[in-house]
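Structure file query.cif; described as mmCIF, C-alpha atoms.
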data_data
#
loop_
_atom_site.group_PDB
_atom_site.id
_atom_site.type_symbol
_atom_site.label_atom_id
_atom_site.label_comp_id
_atom_site.auth_asym_id
_atom_site.auth_seq_id
_atom_site.Cartn_x
_atom_site.Cartn_y
_atom_site.Cartn_z
ATOM 1 C CA ALA A 1053 9.666 -47.449 -151.293
ATOM 2 C CA PHE A 1054 8.161 -45.498 -154.163
ATOM 3 C CA ARG A 1055 8.714 -42.172 -155.831
ATOM 4 C CA ARG A 1056 5.713 -39.893 -156.082
ATOM 5 C CA THR A 1057 5.165 -38.206 -159.410
ATOM 6 C CA ASP A 1058 3.174 -35.370 -157.879
ATOM 7 C CA ASP A 1059 3.164 -33.717 -154.441
ATOM 8 C CA ARG A 1060 -0.591 -34.214 -154.263
ATOM 9 C CA GLY A 1061 -0.400 -37.977 -154.647
ATOM 10 C CA GLY A 1062 -0.340 -40.740 -157.177
ATOM 11 C CA PHE A 1063 -0.609 -44.481 -157.417
ATOM 12 C CA PRO A 1064 2.262 -46.735 -156.295
ATOM 13 C CA TRP A 1065 1.993 -50.097 -158.070
ATOM 14 C CA LEU A 1066 3.618 -53.406 -157.273
ATOM 15 C CA SER A 1067 3.912 -55.208 -160.574
ATOM 16 C CA ALA A 1068 5.685 -58.249 -161.958
ATOM 17 C CA SER A 1069 7.554 -58.589 -165.187
ATOM 18 C CA ARG A 1070 8.437 -62.243 -165.713
ATOM 19 C CA GLU A 1071 10.166 -63.218 -162.446
ATOM 20 C CA LYS A 1072 11.003 -59.656 -161.373
ATOM 21 C CA LEU A 1073 9.018 -57.444 -158.978
ATOM 22 C CA GLU A 1074 8.853 -53.713 -159.683
ATOM 23 C CA ILE A 1075 7.498 -50.711 -157.790
ATOM 24 C CA GLU A 1076 6.335 -47.894 -160.030
ATOM 25 C CA THR A 1077 4.352 -44.741 -159.446
ATOM 26 C CA THR A 1078 1.891 -43.160 -161.838
ATOM 27 C CA GLY A 1079 -0.254 -40.060 -161.654
ATOM 28 C CA ASP A 1080 -3.820 -39.497 -162.754
ATOM 29 C CA ALA A 1081 -5.410 -42.629 -164.229
ATOM 30 C CA GLU A 1082 -2.272 -44.066 -165.814
ATOM 31 C CA GLN A 1083 -1.419 -47.732 -165.391
ATOM 32 C CA PRO A 1084 1.985 -49.422 -165.709
ATOM 33 C CA LEU A 1085 0.525 -52.247 -167.772
ATOM 34 C CA GLY A 1086 2.030 -53.469 -170.979
ATOM 35 C CA GLU A 1087 5.386 -54.900 -171.880
ATOM 36 C CA GLY A 1088 4.349 -58.161 -170.218
ATOM 37 C CA LYS A 1089 3.748 -56.613 -166.781
ATOM 38 C CA ARG A 1090 1.136 -57.892 -164.330
ATOM 39 C CA THR A 1091 -0.301 -55.642 -161.639
ATOM 40 C CA LEU A 1092 -0.170 -57.216 -158.178
ATOM 41 C CA LEU A 1093 -1.144 -54.353 -155.824
ATOM 42 C CA VAL A 1094 -1.950 -50.667 -156.055
ATOM 43 C CA ILE A 1095 -2.623 -47.970 -153.449
ATOM 44 C CA ASP A 1096 -4.406 -44.701 -154.132
ATOM 45 C CA VAL A 1097 -2.424 -41.950 -152.373
ATOM 46 C CA TRP A 1098 -4.274 -39.012 -153.856
ATOM 47 C CA GLU A 1099 -5.644 -36.812 -151.093
ATOM 48 C CA HIS A 1100 -9.283 -37.704 -151.915
ATOM 49 C CA ALA A 1101 -8.581 -41.276 -150.767
ATOM 50 C CA TYR A 1102 -7.892 -40.340 -147.168
ATOM 51 C CA TYR A 1103 -8.823 -36.710 -146.452
ATOM 52 C CA LEU A 1104 -12.205 -37.376 -144.782
ATOM 53 C CA ASP A 1105 -10.717 -39.880 -142.328
ATOM 54 C CA ARG A 1106 -7.107 -38.734 -141.985
ATOM 55 C CA HIS A 1107 -7.134 -35.098 -143.176
ATOM 56 C CA ASN A 1108 -3.616 -34.341 -144.465
ATOM 57 C CA ASP A 1109 -1.953 -37.243 -142.648
ATOM 58 C CA ARG A 1110 -0.897 -39.491 -145.536
ATOM 59 C CA LYS A 1111 1.400 -41.497 -143.253
ATOM 60 C CA ALA A 1112 -1.508 -42.438 -140.947
ATOM 61 C CA TYR A 1113 -3.550 -43.437 -144.017
ATOM 62 C CA LEU A 1114 -0.774 -45.705 -145.316
ATOM 63 C CA GLU A 1115 -0.305 -47.239 -141.871
ATOM 64 C CA ALA A 1116 -4.042 -48.013 -141.783
ATOM 65 C CA VAL A 1117 -4.137 -49.388 -145.342
ATOM 66 C CA ALA A 1118 -0.964 -51.505 -145.274
ATOM 67 C CA PRO A 1119 -2.319 -54.271 -142.977
ATOM 68 C CA ARG A 1120 -5.371 -54.605 -145.241
ATOM 69 C CA LEU A 1121 -3.432 -55.295 -148.446
ATOM 70 C CA ASN A 1122 -4.279 -58.701 -149.883
ATOM 71 C CA TRP A 1123 -0.788 -60.191 -150.073
ATOM 72 C CA ARG A 1124 -2.150 -63.695 -150.775
ATOM 73 C CA PHE A 1125 -3.918 -62.367 -153.868
ATOM 74 C CA ALA A 1126 -0.704 -60.600 -154.936
ATOM 75 C CA SER A 1127 1.372 -63.726 -154.312
ATOM 76 C CA ASP A 1128 -1.044 -65.924 -156.278
ATOM 77 C CA ASN A 1129 -0.941 -63.479 -159.175
ATOM 78 C CA PHE A 1130 2.849 -63.357 -159.062
ATOM 79 C CA ALA A 1131 2.964 -67.170 -159.267
ATOM 80 C CA ARG A 1132 0.539 -67.169 -162.204
ATOM 81 C CA ASP A 1133 2.019 -66.788 -165.662
ATOM 82 C CA GLU A 1134 -0.779 -64.516 -166.871
ATOM 83 C CA PRO A 1135 -2.764 -61.540 -165.535
ATOM 84 C CA TRP A 1136 -5.728 -62.187 -163.265
ATOM 85 C CA THR A 1137 -9.161 -61.695 -164.869
ATOM 86 C CA TYR A 1138 -12.649 -61.712 -163.422
ATOM 87 C CA PRO A 1139 -14.240 -65.183 -163.467
ATOM 88 C CA SER A 1140 -16.776 -65.604 -166.244
ATOM 89 C CA GLN A 1141 -20.410 -65.138 -165.278
ATOM 90 C CA SER A 1142 -21.851 -68.170 -167.146
#

Could you spell out this file's structure in structure tokens?
Amino acid sequence: AFRRTDDRGGFPWLSASREKLEIETTGDAEQPLGEGKRTLLVIDVWEHAYYLDRHNDRKAYLEAVAPRLNWRFASDNFARDEPWTYPSQS
């Protein structure tokens, strides 16, 4: 579903631009923000994210992570017309 930018890993992002969903991949600490895009979900697929538990088995890591993705949060953010921000601490 996504194209890795590096054999070692990267970050696949599900983002929204107006009414359109996009899947993008970045490396390092880059983010696909800007141009009116809103981030909905991201997964860290750099080896450090899963090596202790899964060793070199990225597929097993993704299978373990996928059911834990907060799709309600992503859906709510997609329905919103602006990016999510932390609630104010008044």

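Proximity to Leu1073 in chain A was assessed for A:Pro1119, A:Ala1131, A:Tyr1113, A:Pro1139 counting all atoms listed in the file; the smallest distance is recorded for A:Ala1131.
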
Output check: residues returned by the PyMOL selection byres ((chain A and resi 1090) around 6), as a PyMOL selection string: chain A and resi 1067-1068+1089+1091+1135

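Considering all atoms listed in the file, the residue among A:Asn1129, A:Asp1096, A:Thr1137, A:Gln1083 positioned nearest to Phe1063 in chain A is A:Asp1096.
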
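Taking all atoms listed in the file into account, Ile1095 in chain A lies nearest to A:Pro1064 out of the set A:Asn1108, A:Pro1064, A:Ser1069, A:Arg1124.
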
Expand the PyMOL selection byres ((chain A and resi 1098) around 7) into the individual residues it matches in the shown file, reporting them as an MDAnalysis selection string. chainID A and resid 1060:1062 1096:1097 1099:1101

One residue among A:Arg1120, A:Arg1070, A:Lys1111, A:Arg1106 is nearest to Arg1132 in chain A when using only C-alpha atoms, and that residue is A:Arg1070

Nearest to Asn1122 in chain A, restricted to only C-alpha atoms and choosing among A:Leu1085, A:Trp1065, A:Leu1093, A:Ile1075, comes out as A:Leu1093

Between CA of Glu1082 in chain A and CA of Ala1112 in chain A lies a distance of 24.9 Å

One decimal place gives the CA of Glu1115 in chain A-CA of Tyr1102 in chain A separation as 11.5 Å

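You will find CA of Ala1126 in chain A at 18.9 Å from CA of Thr1078 in chain A.
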
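Comparing the minimum interatomic distances between Trp1136 in chain A and each of A:Leu1092, A:Asp1080, A:Lys1072, A:Asp1109, counting only C-alpha atoms, we find that A:Leu1092 sits nearest.
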
For the structure just given, write the atoms of range 1058-1077 of chain A, namely N, CA and C atoms, as a CSV table (one decimal), in the first residue's frame.
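Okay, this is what ended up in out26.csv:
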chain,number,residue,atom,x,y,z
A,1058,ASP,N,13.4,3.9,1.7
A,1058,ASP,CA,14.7,3.4,2.2
A,1058,ASP,C,14.5,1.9,2.6
A,1059,ASP,N,15.4,1.1,2.2
A,1059,ASP,CA,15.3,-0.3,2.6
A,1059,ASP,C,15.3,-0.6,4.1
A,1060,ARG,N,15.8,0.4,4.9
A,1060,ARG,CA,15.8,0.2,6.3
A,1060,ARG,C,14.4,0.6,6.9
A,1061,GLY,N,13.6,1.4,6.3
A,1061,GLY,CA,12.4,1.7,6.8
A,1061,GLY,C,11.9,3.1,6.3
A,1062,GLY,N,11.0,3.7,7.1
A,1062,GLY,CA,10.4,5.0,6.8
A,1062,GLY,C,9.2,5.1,7.6
A,1063,PHE,N,8.4,6.1,7.1
A,1063,PHE,CA,7.1,6.4,7.8
A,1063,PHE,C,6.0,6.5,6.7
A,1064,PRO,N,5.1,5.5,6.6
A,1064,PRO,CA,4.0,5.6,5.8
A,1064,PRO,C,2.9,6.4,6.5
A,1065,TRP,N,2.4,7.4,5.8
A,1065,TRP,CA,1.4,8.4,6.3
A,1065,TRP,C,0.1,8.2,5.6
A,1066,LEU,N,-1.0,8.2,6.3
A,1066,LEU,CA,-2.3,8.4,5.7
A,1066,LEU,C,-2.7,9.8,5.9
A,1067,SER,N,-2.9,10.6,4.9
A,1067,SER,CA,-3.2,12.0,5.0
A,1067,SER,C,-4.4,12.3,4.1
A,1068,ALA,N,-5.0,13.5,4.4
A,1068,ALA,CA,-6.1,14.0,3.7
A,1068,ALA,C,-5.8,15.3,3.1
A,1069,SER,N,-6.2,15.5,1.9
A,1069,SER,CA,-6.1,16.8,1.2
A,1069,SER,C,-7.5,17.1,0.7
A,1070,ARG,N,-8.2,18.0,1.3
A,1070,ARG,CA,-9.6,18.3,1.0
A,1070,ARG,C,-10.4,17.0,1.2
A,1071,GLU,N,-11.0,16.5,0.2
A,1071,GLU,CA,-11.8,15.3,0.3
A,1071,GLU,C,-11.1,14.1,-0.2
A,1072,LYS,N,-9.8,14.1,-0.4
A,1072,LYS,CA,-9.0,13.1,-1.0
A,1072,LYS,C,-8.0,12.5,0.0
A,1073,LEU,N,-8.0,11.1,0.1
A,1073,LEU,CA,-7.1,10.4,1.0
A,1073,LEU,C,-5.8,10.1,0.2
A,1074,GLU,N,-4.6,10.2,0.8
A,1074,GLU,CA,-3.4,9.9,0.2
A,1074,GLU,C,-2.5,9.1,1.1
A,1075,ILE,N,-1.7,8.2,0.5
A,1075,ILE,CA,-0.7,7.4,1.3
A,1075,ILE,C,0.6,7.9,0.8
A,1076,GLU,N,1.5,8.4,1.7
A,1076,GLU,CA,2.8,8.8,1.3
A,1076,GLU,C,3.8,8.2,2.2
A,1077,THR,N,5.0,8.1,1.8
A,1077,THR,CA,6.1,7.6,2.7
A,1077,THR,C,7.2,8.6,2.7
